[in-house]
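Notes to accompany the following structure.
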Amino acid sequence: MKKRKWLIGILLGLALLYVLAVVIVPKTLDKQKNTTKQLPPYQVSEKAQSLYNSLDFIADLHCDALLWSRDLTIKNSIGHVDFPRMEEANMALQAFTIVTKSPVGQNFSKNTAETFDNITLLNFVQGRPLSNWFSLFERAAYQSRRLHKFATDYNDEFIVVKNTDDLNRLIALRNQNKRVTGGFLGLEGAHCLEGKIENLDKLYKEGVRMVGPTHFFDNELGGSAHGVSKGGLSDFGRDVIQRMDELGMFVDLAHAAPALIDDVLAETKNPVLVSHTGVRGTLDNSRNLSDAHIQKIATNGGLIGVAFFKGAVTAPLIKGIVDAMKYIKSIAGVECIALGSDYDGTIAAPFDVTGLPLLVEELLNQGFQESEIKMIMGENVKRFMLENLK
Ligand SMILES: [Zn+2]
């Protein structure tokens with residue numbers, strides 16, 4: 001009898017500890033991992049602000065906000081992106097990318113799939129459903145549903161863009177009311193397909209429209225820029241790219257090994273995206289694009305989203321971002337340049353989404369024309385989506 005009481009006491013204690021952890025730990029981690037060098041409100045010159053205010057379509061190709069426990073329908077003081085801050089920033093479209101596995105000790109040069117996974121632990125302390133703890137596919141499906149749930153909770157002032165009709169509806173609604181914003185779903189690494197092509201179709205049904213074949217380690221599709229093999233597409237990888245072409249999903253080549261980039265460009269019939277990257281021309285490392293790849297992607301009608309963190313670009317960051325854009329322009333023109341912040345992707349960003357006018361100011365300072373700034377800030381993404389979404 002006494003033993004039983006002890007056991008119940010211990011179990012209750014553990015349950016209480018778990019509840020406490022779920023309440024405290026995710027918020028603490030979010031705050032620690034997604035920092036902002038300069039806090040809002042942001043001040044820029046009148047010229048930069050009025051140009052910013054005149055922008056019709058601001059878009060960003062990468063943010064990992066769905067990974068965290070933050071309610072995206074309320075304005076948060078931590079992290080980089082939520083719907084109210086997107087509204088404040090006059091954002092039209094934000095990519096919400098889904099991270100499902102991330103190795104402990106993650107680095108740019110070499111990671112293996114067998115290393116202990118941080119996201120398992122994160123999902124555990126977040127109190128996410130048990131299915132999430134053990135299945136990468138369930139994690140992706142869960143995060144997709146989260147975006148749809150937030151959109152519903154936001155009284156239709158947020159549109160999840162899945163096809164051209166959705167995008168045209170978003171554009172039409174924004175003509176009447178600039179507070180309407182939108183987003184689309186992407187996968188950061190297709191290991192969450194768990195090696196099954198039918199899971200691609202399932203995630204398409206959940207609304208996913210962009211897929212990065214690899215993240216920080218090699219997987220069933222092929223080689224990561226930060227993996228061991230540095231290889232190209234596997235047979236399964238080719239099947240996935242072909243099926244993506246049929247369904248109308250975009251390939252995202254961020255984190256892909258150079259050989260994988262070549263293989264995808266040879267395989268896909270569609271223009272590709274690089275959702276968050278830097279360029280070797282300003283910072284030479286394994287995660288950044290070579291000149292040859294920049295040119296190939298631009299020639300194919302693709303987009304290159306420049307990321308906002310040290311490692312993709314040089315410090316000081318705002319200058320570093322524009323330096324990378326200037327470099328891309330010098331070798332491939334301005335039509336392929338986009339924003340690819342990597343907001344909420346465990347980065348130290350120069351500013352949160354409401355600080356984007358600072359970028360416009362730096363683009364002006366570095367001699368970009370107003371028409372070019374409009375393209376970089378989102379018109380290129382709008383054109384790409386209108387041309388390539390089904
Ligand atoms: Zn990333």
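Residues in the structure tokens are named by chain (A, B, ... in the order shown) and by number from 1 within that chain; ligands are numbered from 1 in the order shown.
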Return as CSV the residues of chain A lying at most 7 Å from ligand 1, together with the closest atom-to-atom pair for each and the distance in Å to one decimal, counting only C-alpha atoms and all ligand atoms, with rows in chain order and ascending residue number.
residue,atom,partner,partner_atom_place_in_ligand_line,distance
A:Glu188,CA,ligand 1,1 (Zn),6.7
A:His215,CA,ligand 1,1 (Zn),6.8
A:Ala254,CA,ligand 1,1 (Zn),6.9
A:His255,CA,ligand 1,1 (Zn),6.7
A:His276,CA,ligand 1,1 (Zn),6.6
A:Asp342,CA,ligand 1,1 (Zn),6.6
A:Gly345,CA,ligand 1,1 (Zn),6.7
Can those selected residues be exported to a file as a compact mmCIF listing (two decimals), in the first residue's frame so that it contains N, CA and C atoms?
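In the end it all went to again.txt:
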# COMPACT_ATOMS: atom_id res chain seq x y z
N GLU A 188 11.51 22.08 -45.06
CA GLU A 188 12.96 22.25 -45.01
C GLU A 188 13.58 20.87 -44.82
N HIS A 215 18.14 19.01 -45.72
CA HIS A 215 18.41 20.07 -44.75
C HIS A 215 19.87 19.90 -44.31
N ALA A 254 17.95 25.49 -51.16
CA ALA A 254 18.74 25.88 -49.99
C ALA A 254 19.23 24.61 -49.28
N HIS A 255 20.43 24.60 -48.80
CA HIS A 255 21.04 23.48 -48.08
C HIS A 255 21.39 22.28 -48.97
N HIS A 276 16.59 30.53 -48.84
CA HIS A 276 17.40 31.35 -47.91
C HIS A 276 18.85 30.96 -48.10
N ASP A 342 15.04 33.73 -43.30
CA ASP A 342 15.26 32.67 -42.30
C ASP A 342 14.83 33.14 -40.92
N GLY A 345 14.45 30.97 -37.58
CA GLY A 345 15.21 29.74 -37.87
C GLY A 345 16.44 29.63 -36.98
All residues 9 Å or closer to Ala141 of chain A, only C-alpha atoms, same chain fewer than 6 positions away omitted, as an mmCIF file with C-alpha atoms, in the first residue's frame:
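Result file part_19.cif:
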data_model
loop_
_atom_site.group_PDB
_atom_site.id
_atom_site.type_symbol
_atom_site.label_atom_id
_atom_site.label_comp_id
_atom_site.auth_asym_id
_atom_site.auth_seq_id
_atom_site.Cartn_x
_atom_site.Cartn_y
_atom_site.Cartn_z
ATOM 1 C CA LYS A 202 -0.343 13.669 -48.502
ATOM 2 C CA LEU A 203 1.662 16.791 -47.668
ATOM 3 C CA GLU A 206 -2.010 19.529 -46.377
#
- Message: Would you pick out the contacts of Ala190 of chain A at 12 Å or less, using only C-alpha atoms, so that residues sharing its chain but fewer than 4 positions from it are not included, and give the list as number ranges by chain?
- Response: A: 97-101, 136-137, 139-140, 186, 194-197, 199-200, 203, 208, 210-224, 236-237, 240-241, 244, 251-253, 255-256
- Query: Neighbours of Gly182 of chain A within 7 Å (only C-alpha atoms; same-chain residues fewer than 3 positions away dropped), as an NGL selection string?
  - Reply: :A and (92-94 or 158-161 or 170)
- Among the residues A:Gly105, A:Gly231, A:Gly305, A:Gly278, the one that comes closest to Val264 of chain A [using only C-alpha atoms]: A:Gly231
- Within 12 Å of segment 24-38 of chain A using only C-alpha atoms, minus same-chain residues under 4 positions, as a VMD selection string: chain A and resid 17 to 20 42 to 43 63 to 71 76 to 81 118 to 119 121 to 128 308 to 310 315 to 318 342 to 356 358
- Query: Residues of segment 91-259 of chain A in helix (DSSP H, G or I) according to DSSP, as a ChimeraX atom specification?
  - Reply: /A:118-125,130-134,136-153,164-176,190-193,198-205,235-247,258-259
